[in-house]
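Since the structure comes first, as structure tokens, the remarks are kept for the end.
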Amino acid sequence: MNYLAHALLAGPDDDYRLGGLLGDFVKGPLPPTPSALGAEVLHGLVLHRRIDSFADAHVAFRRSRQRISAERRRYSGIIIDLFYDHFLAVHWGRFSEQALEAFTAGVYALLARHRLPERLAQILPRMRADDWLASYREPAAVGRALDQIASRRVRPGNSLAGAGVELGAAYGDFESDFLEFFPAAMAFAEQFRRAAGLAADAPRPAASGGGALGQRLAKC
């Protein structure tokens with residue numbers, strides 16, 4: 001899953017959502033106790049990883065990956081993550097009562113309150129100014145995002161560039177896969193939060209952006 005999906009699946013709690021958004025930036029083993037990150041941020045990071053594993057094993061997500069051309073299939077996980085954020089933005093009203101633009105504004109404000117890993121801190125101003133997360137409604141924006149990943153984060157000469165065309169090649173099939181997958185992902189994420197003792201409808205104030213949390217993330 002990509003940023004928009006992880007932000008929504010983390011639930012309404014700010015600390016869980018922060019952990020969910022940082023999941024792609026905090027690598028390696030997580031601390032066995034929450035002393036460095038705070039319990040809820042740590043749970044959000046764990047949830048991020050559990051969602052990724054859930055997606056990798058889900059029949060609809062795996063089916064979507066197989067729809068990617070053989071030329072680009074080695075990057076199919078990255079591609080489908082972005083495609084599913086597109087369909088989440090398109091079908092947003094099915095999954096959230098909050099307007100998409102209001103939700104994404106809240107995500108950017110949450111990130112701005114905290115010390116972030118360097119890579120995320122660098123892109124946040126542009127992400128916020130151009131509302132990248134809501135822009136995923138447009139297939140062209142998904143294509144641009146994939147091209148940026150191809151140019152900055154994958155080895156030169158990779159076949160990921162131009163992968164936006166894959167969306168149009170089987171748009172309805174990808175959409176059907178997403179609509180099968182995402183309600184299951186929401187149920188999985190809510191079950192995780194409830195098992196961790198956090199009700200799905202009980203948001204709390206976010207933790208401070210400084211202290212041990214800030215020091216831990218600054219090293220990522």
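Chain labels run A, B, ... following the order of the structure tokens; each chain numbers its residues from 1, and ligands are numbered from 1 in the order shown.
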- Among the residues of region 7-159 of chain A, find those DSSP assigns to helix (DSSP H, G or I) from the backbone and print them as an NGL selection string. :A and (7-9 or 14-22 or 39-57 or 59-67 or 70-90 or 92-95 or 100-112 or 118-129 or 132-135 or 139-152)
- List the neighbours of Ile51 (chain A) out to 8 Å using only C-alpha atoms; skip same-chain residues closer than 6 positions along the sequence, and give me the result as a PyMOL selection string. chain A and resi 1+185+188-189
- Task: To one decimal in Å, tell me the separation between CA of Glu180 (chain A) and CA of Ile68 (chain A).
- Result: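 Computing the Euclidean distance for CA of Glu180 (chain A) and CA of Ile68 (chain A) yields 17.9 Å.
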- Task: Go through A:Ala163, A:Phe181, A:Leu30, A:Arg144 and flag the residue nearest Arg74 (chain A), using only C-alpha atoms for the distances.
- Result: A:Ala163
- From the list A:Tyr3, A:Phe25, A:Tyr16, A:Trp92, which residue is nearest Leu120 (chain A) when using only C-alpha atoms?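 Checking each candidate against Leu120 (chain A), we get A:Phe25 as the closest.
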- Query: Given the choices A:Arg94, A:Arg113, A:Arg194, A:Ile80, which gets closest to Gln66 (chain A) if the distance is worked out from only C-alpha atoms?
  - Reply: A:Ile80
- Query: In Å, with one decimal, what is the gap from CA of His48 (chain A) to CA of Phe178 (chain A)?
  - Reply: 18.0 Å
Using only C-alpha atoms, which protein or nucleic acid residues come within 7 Å of region 146-151 of chain A? Drop anything in the same chain fewer than 2 positions from it, and give the result as a PDB file with N, CA, C and O atoms, in the first residue's frame.
```pdb
ATOM      1  N   VAL A 142      -0.585   9.507 -11.239  1.00  0.00           N
ATOM      2  CA  VAL A 142      -0.015   8.216 -10.875  1.00  0.00           C
ATOM      3  C   VAL A 142       1.173   7.899 -11.778  1.00  0.00           C
ATOM      4  O   VAL A 142       2.226   7.441 -11.315  1.00  0.00           O
ATOM      5  N   GLY A 143       1.014   8.166 -13.070  1.00  0.00           N
ATOM      6  CA  GLY A 143       2.115   7.936 -14.000  1.00  0.00           C
ATOM      7  C   GLY A 143       3.330   8.774 -13.668  1.00  0.00           C
ATOM      8  O   GLY A 143       4.469   8.274 -13.714  1.00  0.00           O
ATOM      9  N   ARG A 144       3.107  10.033 -13.307  1.00  0.00           N
ATOM     10  CA  ARG A 144       4.236  10.902 -12.939  1.00  0.00           C
ATOM     11  C   ARG A 144       4.923  10.390 -11.679  1.00  0.00           C
ATOM     12  O   ARG A 144       6.158  10.417 -11.589  1.00  0.00           O
ATOM     13  N   ARG A 153      14.747   6.318  -7.319  1.00  0.00           N
ATOM     14  CA  ARG A 153      14.853   5.280  -6.295  1.00  0.00           C
ATOM     15  C   ARG A 153      15.131   3.887  -6.845  1.00  0.00           C
ATOM     16  O   ARG A 153      15.270   2.946  -6.080  1.00  0.00           O
ATOM     17  N   VAL A 154      15.177   3.739  -8.149  1.00  0.00           N
ATOM     18  CA  VAL A 154      15.424   2.438  -8.757  1.00  0.00           C
ATOM     19  C   VAL A 154      16.652   2.563  -9.651  1.00  0.00           C
ATOM     20  O   VAL A 154      16.965   3.646 -10.151  1.00  0.00           O
ATOM     21  N   ASN A 158      16.012   0.961 -15.518  1.00  0.00           N
ATOM     22  CA  ASN A 158      14.932   0.075 -15.115  1.00  0.00           C
ATOM     23  C   ASN A 158      13.716   0.248 -16.028  1.00  0.00           C
ATOM     24  O   ASN A 158      13.592   1.247 -16.738  1.00  0.00           O
ATOM     25  N   LEU A 160      10.620   0.496 -14.969  1.00  0.00           N
ATOM     26  CA  LEU A 160       9.488   1.090 -14.258  1.00  0.00           C
ATOM     27  C   LEU A 160       8.997   2.362 -14.932  1.00  0.00           C
ATOM     28  O   LEU A 160       7.802   2.680 -14.890  1.00  0.00           O
ATOM     29  N   ALA A 161       9.896   3.117 -15.548  1.00  0.00           N
ATOM     30  CA  ALA A 161       9.498   4.350 -16.227  1.00  0.00           C
ATOM     31  C   ALA A 161       8.421   4.041 -17.266  1.00  0.00           C
ATOM     32  O   ALA A 161       8.503   3.062 -18.000  1.00  0.00           O
ATOM     33  N   GLY A 162       7.405   4.880 -17.294  1.00  0.00           N
ATOM     34  CA  GLY A 162       6.309   4.682 -18.239  1.00  0.00           C
ATOM     35  C   GLY A 162       5.255   3.700 -17.778  1.00  0.00           C
ATOM     36  O   GLY A 162       4.321   3.381 -18.524  1.00  0.00           O
ATOM     37  N   ALA A 163       5.361   3.232 -16.527  1.00  0.00           N
ATOM     38  CA  ALA A 163       4.447   2.201 -16.044  1.00  0.00           C
ATOM     39  C   ALA A 163       3.017   2.697 -15.893  1.00  0.00           C
ATOM     40  O   ALA A 163       2.098   1.879 -15.724  1.00  0.00           O
ATOM     41  N   GLY A 164       2.801   3.990 -15.988  1.00  0.00           N
ATOM     42  CA  GLY A 164       1.431   4.500 -15.920  1.00  0.00           C
ATOM     43  C   GLY A 164       0.531   3.938 -17.007  1.00  0.00           C
ATOM     44  O   GLY A 164      -0.690   3.856 -16.827  1.00  0.00           O
TER      45      GLY A 164
END
```
- Have a look at A:Arg128, A:Arg65, A:Arg193, A:Arg119 and name the one nearest to Leu47 (chain A); count only C-alpha atoms.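 For Leu47 (chain A), the nearest of the candidates is A:Arg193.
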- Message: Residues within 10 Å of Ala170 (chain A), please, as a ChimeraX atom specification. Count only C-alpha atoms; anything in the same chain fewer than 3 positions from it doesn't count.
- Response: /A:64,67-68,165-167,173-175
Since we have the selection now, will you write its residues out, keeping C-alpha atoms, as a compact mmCIF listing (two decimals), in the first residue's frame?
```
# COMPACT_ATOMS: atom_id res chain seq x y z
CA SER A 64 -3.44 -7.29 -9.80
CA ARG A 67 -1.93 -8.16 -14.64
CA ILE A 68 1.28 -6.12 -14.98
CA VAL A 165 0.29 2.98 -19.22
CA GLU A 166 -0.35 -0.29 -17.40
CA LEU A 167 -3.27 1.31 -15.56
CA ASP A 173 -9.86 -5.22 -13.89
CA PHE A 174 -7.56 -3.30 -11.52
CA GLU A 175 -10.58 -1.42 -10.19
```
- Query: Which of these residues is nearest to Asp14 (chain A), using only C-alpha atoms: A:Leu111, A:Leu88, A:Met186, A:Met127?
  - Reply: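 With only C-alpha atoms as the atom set, the closest residue is A:Leu111.
If you look at CA of Ala55 (chain A) and CA of Arg126 (chain A), they are 28.3 Å away from each other.
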- Distance query Leu18 (chain A) at most 8 Å, only C-alpha atoms, self and fewer than 4 positions along chain excluded, as a list in words: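 Answer for this query is Ala7, Asp14, Leu22, Val41, Gly44, Leu110 and Leu111 of chain A.
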- Task: Quick one: everything within 12 Å of Ala134 (chain A), counting only C-alpha atoms, minus sequence neighbours fewer than 2 positions away in the same chain. Send it as an NGL selection string.
- Result: :A and (3-5 or 85-92 or 99-108 or 127-132 or 136-139 or 141-142)
